[in-house]
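As structure tokens, the structure follows; a few thoughts come after it.
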Amino acid sequence: MSAHLLLSAGRGPRECAWALAHLLRRLEGEATRRGVTVQRVDAVSGDRPGTYRSVLIRLSGADVEAFAASWTGTLCWQAPSPYRSGAGRKNWYVTAQPPPSDAPTTTFTEADVDIVGCRTGGPGGQHRNKASTAVRATHRPSGLVVVVDDERQFSLNRRIALDLLRQRVERGDEAARRAVTTARWRIHDDLVRGDPTRVERP
């Protein structure tokens, strides 16, 4: 069993990034005691050494779902600021939420492409009009379709069509990855201060 959590300091002051580092260590210590393995998958550092704006972790082990649930929500690190002497505030908030799933990567293979010859109109003389030198290529997994009639030879048009489909599939995968990244960053804006799920102290 495994689960993922994204811990985020949101857009809070630098103390929140400091609090996240402490809460992460506290989470990792409790995980060790309960037989849960924690792997840091990705991290965005804060502006001070040893602090984090966000950390994506993978949890694995027995009863991992209950452990993840106990650390999901608004987390509070209750301690004086290490950066501002005399500051009255002692509560620093972090959010921990399951992240959006990674976008799957499409493996492009020619076996997934249906290619048929076709005729297209436009300039090119009688040869283009009479011979099926144009190519219609369909990538079945994604539904992408391209029609190529740039060349007078079927084999050349076929090669161009495959290259075009490969590029469009790759662009689609990249757009999907960007969408997941954007969705993860939106978690930062969901931080609700107050009424924390957990309050931890030094």
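In the structure tokens, the first chain shown is A, the next is B, and so on; residue numbers restart at 1 for each chain, and ligands run from 1 in the order shown.
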Close residues, Arg140 of chain A itself excluded, 8 Å, only C-alpha atoms, min 4 positions apart in chain, as a VMD selection string
chain A and resid 112 to 114 144
Using DSSP on the backbone coordinates, identify the residues of chain A assigned to helix (DSSP H, G or I); present them as a ChimeraX atom specification.
/A:14-33,64-70,110-112,125-130,154-188
Might you pull out every residue within 12 Å of Ala69 of chain A, with only C-alpha atoms counted and same-chain residues fewer than 6 positions away left off, and present them as an MDAnalysis selection string?
chainID A and resid 3:5 27 59 63 96:98 197:198
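In this structure, atom CA of Thr51 of chain A sits 11.7 Å away from atom CA of Pro13 of chain A.
The smallest atom-to-atom distance between Leu23 of chain A and any of A:Ala68, A:Leu7, A:Ile115, A:Val148, using only C-alpha atoms, is found for A:Leu7.
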Quick check, in Å to one decimal: how far apart do atom CA of Gly12 of chain A and atom CA of Ile57 of chain A lie?
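Between atom CA of Gly12 of chain A and atom CA of Ile57 of chain A the gap is 20.6 Å.
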Rank nothing, just name the residue among A:Phe108, A:Tyr52, A:Trp71, A:Phe154 nearest to His139 of chain A, using only C-alpha atoms.
A:Phe108
Tell me, counting only C-alpha atoms, for each residue of segment 4-23 of chain A within 10 Å of segment 42-48 of chain A, which pair of atoms is nearest and how far apart they are in Å to one decimal, in rows ordered by chain and increasing number, as a tab-separated table.
```
residue	atom	partner	partner_atom	distance
A:Leu6	CA	A:Asp42	CA	9.2
A:Leu7	CA	A:Ala43	CA	9.3
A:Ser8	CA	A:Val44	CA	9.3
A:Ala9	CA	A:Gly46	CA	9.2
A:Arg14	CA	A:Gly46	CA	7.2
A:Glu15	CA	A:Arg48	CA	9.6
A:Cys16	CA	A:Gly46	CA	9.2
A:Ala17	CA	A:Gly46	CA	5.8
A:Trp18	CA	A:Gly46	CA	7.8
A:Leu20	CA	A:Gly46	CA	9.7
A:Ala21	CA	A:Gly46	CA	9.5
```
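Note that atom CA of Arg26 of chain A and atom CA of Pro202 of chain A are 9.4 Å apart.
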